[in-house]
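**Q** See upload-v9.pdb below, with PDB, C-alpha atoms and all ligand atoms.
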```pdb
MODEL        1
ATOM      1  CA  PRO S  43      -9.221   0.736 -18.568
ATOM      2  CA  SER S  44      -8.235   3.137 -21.336
ATOM      3  CA  ASP S  45      -7.676   6.016 -18.901
ATOM      4  CA  ALA S  46      -5.394   4.020 -16.602
ATOM      5  CA  ILE S  47      -1.739   4.800 -16.053
ATOM      6  CA  VAL S  48       0.236   1.553 -15.927
ATOM      7  CA  LEU S  49       2.664   1.719 -13.007
ATOM      8  CA  LEU S  50       3.969  -1.831 -13.258
ATOM      9  CA  GLY S  51       3.591  -3.968 -16.357
ATOM     10  CA  LYS S  52       5.882  -5.141 -19.097
ATOM     11  CA  GLY S  53       7.821  -1.884 -18.796
ATOM     12  CA  GLY S  54       9.177  -2.878 -15.411
ATOM     13  CA  LEU S  55       9.823  -0.166 -12.851
ATOM     14  CA  ASP S  56      10.166   2.785 -15.264
ATOM     15  CA  GLU S  57       7.536   4.671 -13.253
ATOM     16  CA  TRP S  58       9.354   4.188  -9.914
ATOM     17  CA  VAL S  59      12.354   5.472  -7.988
ATOM     18  CA  LEU S  60      13.979   4.478  -4.709
ATOM     19  CA  SER S  61      12.268   6.242  -1.807
ATOM     20  CA  LYS S  62      15.512   7.013  -0.033
ATOM     21  CA  ASP S  63      17.182   9.100  -2.746
ATOM     22  CA  GLY S  64      15.043   9.256  -5.888
ATOM     23  CA  SER S  65      17.499   7.190  -7.916
ATOM     24  CA  PRO S  66      16.191   4.546 -10.356
ATOM     25  CA  ALA S  67      14.230   1.725  -8.723
ATOM     26  CA  THR S  68      16.442  -1.350  -8.739
ATOM     27  CA  TRP S  69      14.142  -4.029  -7.336
ATOM     28  CA  PRO S  70      14.557  -7.123  -9.540
ATOM     29  CA  VAL S  71      11.873  -7.502 -12.215
ATOM     30  CA  THR S  72      11.075 -10.614 -14.245
ATOM     31  CA  ASP S  73       8.199 -10.671 -16.734
ATOM     32  CA  GLY S  74       6.462  -7.753 -15.084
ATOM     33  CA  VAL S  75       6.860  -9.145 -11.554
ATOM     34  CA  ALA S  76       8.879  -6.920  -9.188
ATOM     35  CA  THR S  77      10.293  -8.370  -5.974
ATOM     36  CA  VAL S  78      11.137  -6.276  -2.929
ATOM     37  CA  ASP S  79      14.838  -5.658  -2.335
ATOM     38  CA  LYS S  80      15.064  -5.014   1.386
ATOM     39  CA  LYS S  81      18.648  -3.789   1.073
ATOM     40  CA  VAL S  82      17.749  -0.797  -1.094
ATOM     41  CA  GLY S  83      14.456  -0.027   0.648
ATOM     42  CA  GLY S  84      11.063   1.095  -0.560
ATOM     43  CA  ILE S  85      10.126   2.481  -3.958
ATOM     44  CA  LYS S  86       7.775   5.303  -4.863
ATOM     45  CA  THR S  87       6.148   6.536  -8.043
ATOM     46  CA  LYS S  88       7.752   9.326 -10.035
ATOM     47  CA  ARG S  89       4.312  10.822 -10.475
ATOM     48  CA  SER S  90       2.274  12.358  -7.700
ATOM     49  CA  PHE S  91      -1.432  11.766  -7.213
ATOM     50  CA  THR S  92      -4.362  13.193  -5.311
ATOM     51  CA  ASN S  93      -7.582  11.169  -5.650
ATOM     52  CA  TYR S  94      -7.454   7.921  -7.569
ATOM     53  CA  GLN S  95      -8.483   4.327  -8.158
ATOM     54  CA  LEU S  96      -5.593   1.881  -7.735
ATOM     55  CA  HIS S  97      -5.251  -1.757  -8.755
ATOM     56  CA  ILE S  98      -2.310  -3.686  -7.365
ATOM     57  CA  GLU S  99      -1.448  -7.377  -7.128
ATOM     58  CA  TRP S 100       0.978  -8.883  -4.629
ATOM     59  CA  ARG S 101       2.209 -12.310  -3.634
ATOM     60  CA  ILE S 102       3.587 -13.757  -0.450
ATOM     61  CA  PRO S 103       6.211 -16.329  -1.452
ATOM     62  CA  GLU S 104       5.400 -19.964  -0.900
ATOM     63  CA  GLY S 105       7.379 -21.215   2.068
ATOM     64  CA  ILE S 106       7.295 -17.810   3.805
ATOM     65  CA  THR S 107       8.823 -17.869   7.259
ATOM     66  CA  GLY S 108       8.435 -15.728  10.366
ATOM     67  CA  SER S 109       5.384 -14.761  12.367
ATOM     68  CA  GLY S 110       3.275 -11.751  13.238
ATOM     69  CA  GLN S 111       4.562  -8.545  11.666
ATOM     70  CA  ALA S 112       7.727 -10.376  10.572
ATOM     71  CA  ARG S 113       5.995 -12.544   7.955
ATOM     72  CA  GLY S 114       5.743 -10.971   4.499
ATOM     73  CA  ASN S 115       5.361  -7.439   5.800
ATOM     74  CA  SER S 116       5.168  -4.729   3.156
ATOM     75  CA  GLY S 117       2.636  -2.014   2.519
ATOM     76  CA  VAL S 118       1.033   0.244  -0.022
ATOM     77  CA  PHE S 119       1.456   3.862   1.039
ATOM     78  CA  LEU S 120      -1.522   5.543  -0.585
ATOM     79  CA  ALA S 121       0.310   8.833  -0.256
ATOM     80  CA  SER S 122       3.964   8.985   0.753
ATOM     81  CA  THR S 123       4.207  12.380   2.396
ATOM     82  CA  GLY S 124       7.691  12.443   3.861
ATOM     83  CA  ALA S 125      10.820  10.463   4.602
ATOM     84  CA  GLY S 126      10.669   6.787   5.521
ATOM     85  CA  ASP S 127       7.218   5.483   6.342
ATOM     86  CA  MET S 128       5.534   8.894   6.557
ATOM     87  CA  GLY S 129       2.124   8.670   4.940
ATOM     88  CA  TYR S 130      -0.949   6.442   4.889
ATOM     89  CA  GLU S 131      -0.337   2.705   4.827
ATOM     90  CA  LEU S 132      -2.657   0.011   3.556
ATOM     91  CA  GLN S 133      -0.956  -2.965   5.171
ATOM     92  CA  VAL S 134       0.484  -5.891   3.246
ATOM     93  CA  LEU S 135       1.290  -9.003   5.290
ATOM     94  CA  ASP S 136       0.785 -12.738   5.206
ATOM     95  CA  SER S 137      -2.492 -12.937   7.133
ATOM     96  CA  TYR S 138      -3.498 -16.382   5.869
ATOM     97  CA  ASN S 139      -2.599 -18.184   9.054
ATOM     98  CA  ASN S 140      -0.691 -15.660  11.048
ATOM     99  CA  LYS S 141      -1.849 -13.940  14.197
ATOM    100  CA  THR S 142      -0.952 -10.321  14.842
ATOM    101  CA  TYR S 143      -2.671  -7.245  16.286
ATOM    102  CA  VAL S 144      -5.983  -6.655  14.499
ATOM    103  CA  ASN S 145      -5.101  -3.335  12.923
ATOM    104  CA  GLY S 146      -1.772  -4.692  11.724
ATOM    105  CA  GLN S 147      -3.120  -7.501   9.547
ATOM    106  CA  ALA S 148      -3.313  -7.412   5.754
ATOM    107  CA  ALA S 149      -5.787  -4.838   4.389
ATOM    108  CA  SER S 150      -5.820  -2.865   7.615
ATOM    109  CA  ILE S 151      -5.208   0.838   7.602
ATOM    110  CA  TYR S 152      -2.150   0.399   9.738
ATOM    111  CA  LYS S 153      -2.808   0.985  13.458
ATOM    112  CA  GLN S 154      -6.181   2.614  12.674
ATOM    113  CA  THR S 155      -8.649  -0.040  11.592
ATOM    114  CA  PRO S 156      -8.710  -3.740  10.664
ATOM    115  CA  PRO S 157     -10.291  -4.979   7.427
ATOM    116  CA  LEU S 158     -14.000  -5.827   7.576
ATOM    117  CA  VAL S 159     -13.065  -9.453   6.927
ATOM    118  CA  ASN S 160      -9.922 -11.507   6.305
ATOM    119  CA  ALA S 161      -9.979 -12.220   2.563
ATOM    120  CA  MET S 162      -6.442 -13.578   2.405
ATOM    121  CA  ARG S 163      -5.386 -16.292  -0.026
ATOM    122  CA  PRO S 164      -2.569 -18.695   0.926
ATOM    123  CA  PRO S 165       1.102 -17.908   0.301
ATOM    124  CA  GLY S 166       2.139 -18.500  -3.295
ATOM    125  CA  GLN S 167      -1.142 -17.182  -4.717
ATOM    126  CA  TRP S 168      -1.634 -13.666  -6.064
ATOM    127  CA  GLN S 169      -3.614 -11.231  -3.924
ATOM    128  CA  VAL S 170      -5.444  -8.249  -5.386
ATOM    129  CA  TYR S 171      -6.153  -4.865  -3.863
ATOM    130  CA  ASP S 172      -8.528  -2.451  -5.564
ATOM    131  CA  VAL S 173      -8.495   0.855  -3.765
ATOM    132  CA  ILE S 174     -10.345   4.151  -4.036
ATOM    133  CA  TRP S 175      -8.372   6.880  -2.320
ATOM    134  CA  THR S 176      -9.707  10.297  -1.449
ATOM    135  CA  ALA S 177      -6.852  12.495  -0.334
ATOM    136  CA  PRO S 178      -7.230  14.868   2.594
ATOM    137  CA  THR S 179      -7.469  18.566   1.882
ATOM    138  CA  PHE S 180      -6.000  21.399   3.914
ATOM    139  CA  ASN S 181      -6.741  25.027   4.574
ATOM    140  CA  THR S 182      -4.197  27.667   3.641
ATOM    141  CA  ASP S 183      -3.050  27.821   7.286
ATOM    142  CA  GLY S 184      -2.216  24.096   7.120
ATOM    143  CA  SER S 185      -5.156  22.933   9.224
ATOM    144  CA  LEU S 186      -7.245  19.999   8.058
ATOM    145  CA  LYS S 187     -10.150  20.870   5.782
ATOM    146  CA  THR S 188     -11.425  17.391   4.872
ATOM    147  CA  PRO S 189      -9.990  14.035   6.005
ATOM    148  CA  ALA S 190      -8.770  11.199   3.825
ATOM    149  CA  TYR S 191     -11.098   8.311   2.979
ATOM    150  CA  VAL S 192     -10.327   4.853   1.709
ATOM    151  CA  THR S 193     -12.479   2.174   0.168
ATOM    152  CA  ALA S 194     -10.695  -1.090  -0.593
ATOM    153  CA  LEU S 195     -11.400  -4.562  -1.910
ATOM    154  CA  HIS S 196      -9.098  -7.495  -1.175
ATOM    155  CA  ASN S 197      -9.549 -10.304  -3.683
ATOM    156  CA  ASN S 198     -12.827  -8.652  -4.735
ATOM    157  CA  VAL S 199     -14.158  -8.620  -1.160
ATOM    158  CA  LEU S 200     -14.964  -5.257   0.432
ATOM    159  CA  VAL S 201     -12.527  -4.733   3.316
ATOM    160  CA  GLN S 202     -12.565  -0.947   3.821
ATOM    161  CA  ASN S 203     -15.816   0.927   3.229
ATOM    162  CA  HIS S 204     -15.214   4.667   2.980
ATOM    163  CA  PHE S 205     -13.096   4.594   6.123
ATOM    164  CA  GLN S 206     -12.219   8.041   7.421
ATOM    165  CA  LEU S 207      -8.548   8.214   8.369
ATOM    166  CA  ARG S 208      -7.514   9.965  11.556
ATOM    167  CA  GLY S 209      -4.232  11.050  10.023
ATOM    168  CA  HIS S 210      -1.033   9.299   8.971
ATOM    169  CA  THR S 211      -0.248   5.746  10.092
ATOM    170  CA  PRO S 212       2.795   5.753  12.367
ATOM    171  CA  TYR S 213       4.210   2.614  13.968
ATOM    172  CA  ILE S 214       4.456   4.435  17.289
ATOM    173  CA  GLY S 215       2.331   7.372  18.383
ATOM    174  CA  LEU S 216      -1.035   8.788  17.447
ATOM    175  CA  PRO S 217      -2.100   9.554  13.889
ATOM    176  CA  LYS S 218      -2.210  13.168  12.902
ATOM    177  CA  TYR S 219      -2.575  15.220   9.765
ATOM    178  CA  THR S 220       0.212  17.351   8.383
ATOM    179  CA  ALA S 221      -0.606  19.438   5.319
ATOM    180  CA  HIS S 222       0.595  18.088   1.991
ATOM    181  CA  GLY S 223      -0.269  18.222  -1.671
ATOM    182  CA  PRO S 224      -0.234  15.571  -4.402
ATOM    183  CA  ALA S 225       2.037  12.718  -3.346
ATOM    184  CA  PRO S 226       3.677   9.580  -4.719
ATOM    185  CA  ILE S 227       2.438   6.060  -4.016
ATOM    186  CA  MET S 228       5.065   4.013  -2.137
ATOM    187  CA  LEU S 229       5.678   0.291  -1.737
ATOM    188  CA  GLN S 230       7.281  -0.598   1.580
ATOM    189  CA  ALA S 231      10.436  -2.655   2.040
ATOM    190  CA  HIS S 232       9.951  -3.778   5.631
ATOM    191  CA  GLY S 233      13.084  -4.678   7.553
ATOM    192  CA  ASP S 234      11.923  -8.035   8.871
ATOM    193  CA  PRO S 235      14.026 -11.075   7.837
ATOM    194  CA  SER S 236      11.241 -13.025   6.067
ATOM    195  CA  PRO S 237      11.654 -13.693   2.311
ATOM    196  CA  PRO S 238      10.641 -10.725   0.126
ATOM    197  CA  ILE S 239       7.209 -10.461  -1.476
ATOM    198  CA  SER S 240       6.418  -9.561  -5.084
ATOM    199  CA  PHE S 241       4.149  -7.153  -6.959
ATOM    200  CA  ARG S 242       2.674  -7.125 -10.475
ATOM    201  CA  ASN S 243       0.012  -5.464 -12.589
ATOM    202  CA  ILE S 244      -0.259  -2.067 -10.915
ATOM    203  CA  TRP S 245      -2.363   0.655 -12.492
ATOM    204  CA  VAL S 246      -3.957   3.850 -11.348
ATOM    205  CA  ARG S 247      -6.777   6.092 -12.596
ATOM    206  CA  PRO S 248      -6.596   9.645 -11.283
ATOM    207  CA  LEU S 249     -10.015  10.921 -10.176
ATOM    208  CA  GLN S 250     -11.422  14.389  -9.686
TER     209      GLN S 250
HETATM  210 MG    MG D 301       3.788  -2.768   6.462
ENDMDL
END
```
Represent the structure contained in this file as structure tokens.
Ligand code: MG
**A**
Amino acid sequence: PSDAIVLLGKGGLDEWVLSKDGSPATWPVTDGVATVDKKVGGIKTKRSFTNYQLHIEWRIPEGITGSGQARGNSGVFLASTGAGDMGYELQVLDSYNNKTYVNGQAASIYKQTPPLVNAMRPPGQWQVYDVIWTAPTFNTDGSLKTPAYVTALHNNVLVQNHFQLRGHTPYIGLPKYTAHGPAPIMLQAHGDPSPPISFRNIWVRPLQ
């Protein structure tokens, strides 16, 4: 679309920095395909966003190893609101033939809700997420005014239909909201030992 901001295309990772220190994103890129570097950690956008439409493509490598959460784990943080994995994660995982807890599979809002259906393609094929993100809003005293909502399609199949988030998506503990403003989008480098996944063709359209 003409109003889209390209976040990953032929220009490589110009729009991204390392989450840990804001230095240039050094994940390897070949022909517009960026592959996670688990040693340097996650990457986040230089720009911050509020409400938006996001298109993102990702690929589990053929011959992926591991099981459960240790098989191609990554994630799209729809807003990265603090250090590490603070924020709201749309899970990325190999869920083609890989059992795990329901709200930890691909296209789940991590630890909050599973996808409506498993739309996963096999390893080696490109997967597509199209996401509409409505950021939460906060009162001046920091209390929640309106919650976050997410609608998402996985490979053109509706998997999240205006789901109302209960807060951030921690690995341990209950979700809660902490006031924040516009925030970067982050791609997770998960510490599991399975081979790294790749991303390509990422664009975003800010919305009112
Ligand atoms: Mg993850």
**Q** Rounded to one decimal place, report the atom MG of ligand MG 301 (chain D)-CA of Asp45 (chain S) distance in Å.
**A**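 If I compute the distance from atom MG of ligand MG 301 (chain D) to CA of Asp45 (chain S), I get 29.2 Å.
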**Q** So which residues are near ligand MG 301 (chain D), meaning at most 12 Å away with all atoms listed in the file counted, given back as a PyMOL selection string?
**A** chain S and resi 84+110-119+126-137+145-153+211-213+228-234+239
**Q** Name all residues at most 12 Å from Phe241 (chain S) (count all atoms listed in the file; drop same-chain ones fewer than 5 positions away) and give them as a ChimeraX atom specification.
**A** /S:49-51,54-55,69-79,85,97-103,116-118,134,167-171,229-231
**Q** Evaluated on this file, the PyMOL selection byres (((chain S and resi 138) around 7) and not hetatm) picks out some residues - which ones are they, written as a PyMOL selection string?
**A** chain S and resi 136-137+139-140+162-164
**Q** S:Pro226, S:Gly105, S:Gly83, S:Pro178: which is nearest His210 (chain S), counting only C-alpha atoms?
**A**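 Among the listed residues, S:Pro178 lies closest to His210 (chain S).
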**Q** Emit as JSON the padded axis-aligned box for all listed atoms of region 220-226 of chain S, 4 Å per side, with centre and edge lengths in Å to one decimal.
**A**
```
{"center_x": 1.5, "center_y": 14.5, "center_z": 1.8, "size_x": 12.3, "size_y": 17.9, "size_z": 21.1}
```
**Q** So which residues touch Pro248 (chain S) within 8 Å, counting only C-alpha atoms, skipping near sequence neighbours fewer than 4 positions away, as a ChimeraX atom specification?
**A** /S:46,91-95
**Q** Would you mind exporting the chosen residues as a PDB file, in the frame of the given file, restricted to C-alpha atoms?
**A**
```
ATOM      1  CA  ALA S  46      -5.394   4.020 -16.602  1.00  0.00           C
ATOM      2  CA  PHE S  91      -1.432  11.766  -7.213  1.00  0.00           C
ATOM      3  CA  THR S  92      -4.362  13.193  -5.311  1.00  0.00           C
ATOM      4  CA  ASN S  93      -7.582  11.169  -5.650  1.00  0.00           C
ATOM      5  CA  TYR S  94      -7.454   7.921  -7.569  1.00  0.00           C
ATOM      6  CA  GLN S  95      -8.483   4.327  -8.158  1.00  0.00           C
TER       7      GLN S  95
END
```
**Q** Would you mind putting all heavy atoms back on region 150-161 of chain S and writing the result as a short mmCIF file (atom, residue, chain, number, x, y, z; two decimals), keeping the file's coordinate frame?
**A**
```cif
data_model
loop_
_atom_site.label_atom_id
_atom_site.label_comp_id
_atom_site.auth_asym_id
_atom_site.auth_seq_id
_atom_site.Cartn_x
_atom_site.Cartn_y
_atom_site.Cartn_z
N SER S 150 -5.51 -3.88 6.61
CA SER S 150 -5.82 -2.86 7.62
C SER S 150 -5.25 -1.53 7.16
O SER S 150 -4.30 -1.48 6.38
CB SER S 150 -5.24 -3.25 8.98
OG SER S 150 -3.84 -3.38 8.93
N ILE S 151 -5.87 -0.46 7.64
CA ILE S 151 -5.21 0.84 7.60
C ILE S 151 -4.36 0.84 8.87
O ILE S 151 -4.90 0.84 9.98
CB ILE S 151 -6.22 2.00 7.57
CG1 ILE S 151 -7.06 1.92 6.29
CG2 ILE S 151 -5.50 3.34 7.67
CD1 ILE S 151 -6.27 2.00 4.99
N TYR S 152 -3.07 0.79 8.68
CA TYR S 152 -2.15 0.40 9.74
C TYR S 152 -2.35 1.20 11.02
O TYR S 152 -2.33 2.44 11.01
CB TYR S 152 -0.71 0.54 9.24
CG TYR S 152 0.30 0.00 10.22
CD1 TYR S 152 0.36 -1.37 10.48
CD2 TYR S 152 1.15 0.84 10.91
CE1 TYR S 152 1.26 -1.88 11.40
CE2 TYR S 152 2.06 0.34 11.83
CZ TYR S 152 2.10 -1.02 12.07
OH TYR S 152 2.99 -1.51 12.99
N LYS S 153 -2.62 0.45 12.10
CA LYS S 153 -2.81 0.98 13.46
C LYS S 153 -4.07 1.85 13.59
O LYS S 153 -4.25 2.51 14.62
CB LYS S 153 -1.58 1.78 13.93
CG LYS S 153 -0.32 0.92 14.14
CD LYS S 153 -0.30 0.25 15.49
CE LYS S 153 0.95 -0.59 15.73
NZ LYS S 153 2.04 0.14 16.35
N GLN S 154 -4.93 1.85 12.56
CA GLN S 154 -6.18 2.61 12.67
C GLN S 154 -7.42 1.74 12.62
O GLN S 154 -8.33 1.93 13.42
CB GLN S 154 -6.27 3.71 11.60
CG GLN S 154 -5.25 4.82 11.81
CD GLN S 154 -5.58 6.07 11.02
OE1 GLN S 154 -6.73 6.36 10.68
NE2 GLN S 154 -4.56 6.85 10.72
N THR S 155 -7.46 0.80 11.69
CA THR S 155 -8.65 -0.04 11.59
C THR S 155 -8.32 -1.34 10.89
O THR S 155 -7.55 -1.35 9.92
CB THR S 155 -9.79 0.69 10.86
OG1 THR S 155 -11.00 -0.06 10.99
CG2 THR S 155 -9.50 0.88 9.39
N PRO S 156 -8.90 -2.47 11.37
CA PRO S 156 -8.71 -3.74 10.66
C PRO S 156 -9.59 -3.80 9.42
O PRO S 156 -10.51 -2.98 9.27
CB PRO S 156 -9.16 -4.79 11.69
CG PRO S 156 -10.15 -4.07 12.53
CD PRO S 156 -9.71 -2.62 12.58
N PRO S 157 -9.36 -4.77 8.53
CA PRO S 157 -10.29 -4.98 7.43
C PRO S 157 -11.62 -5.49 7.96
O PRO S 157 -11.70 -6.04 9.07
CB PRO S 157 -9.59 -6.04 6.57
CG PRO S 157 -8.71 -6.78 7.52
CD PRO S 157 -8.27 -5.76 8.54
N LEU S 158 -12.68 -5.33 7.18
CA LEU S 158 -14.00 -5.83 7.58
C LEU S 158 -14.01 -7.35 7.70
O LEU S 158 -14.78 -7.91 8.48
CB LEU S 158 -15.06 -5.38 6.55
CG LEU S 158 -15.24 -3.86 6.44
CD1 LEU S 158 -16.13 -3.52 5.26
CD2 LEU S 158 -15.81 -3.30 7.73
N VAL S 159 -13.16 -7.99 6.90
CA VAL S 159 -13.06 -9.45 6.93
C VAL S 159 -11.67 -9.83 6.42
O VAL S 159 -11.04 -9.05 5.70
CB VAL S 159 -14.18 -10.08 6.05
CG1 VAL S 159 -13.94 -9.80 4.56
CG2 VAL S 159 -14.33 -11.57 6.30
N ASN S 160 -11.21 -11.00 6.81
CA ASN S 160 -9.92 -11.51 6.30
C ASN S 160 -10.19 -12.24 4.99
O ASN S 160 -10.81 -13.30 4.99
CB ASN S 160 -9.30 -12.44 7.35
CG ASN S 160 -7.93 -12.96 6.93
OD1 ASN S 160 -7.60 -12.99 5.74
ND2 ASN S 160 -7.14 -13.38 7.89
N ALA S 161 -9.74 -11.66 3.89
CA ALA S 161 -9.98 -12.22 2.56
C ALA S 161 -8.72 -12.83 1.97
O ALA S 161 -8.61 -13.03 0.76
CB ALA S 161 -10.51 -11.12 1.63
#
```
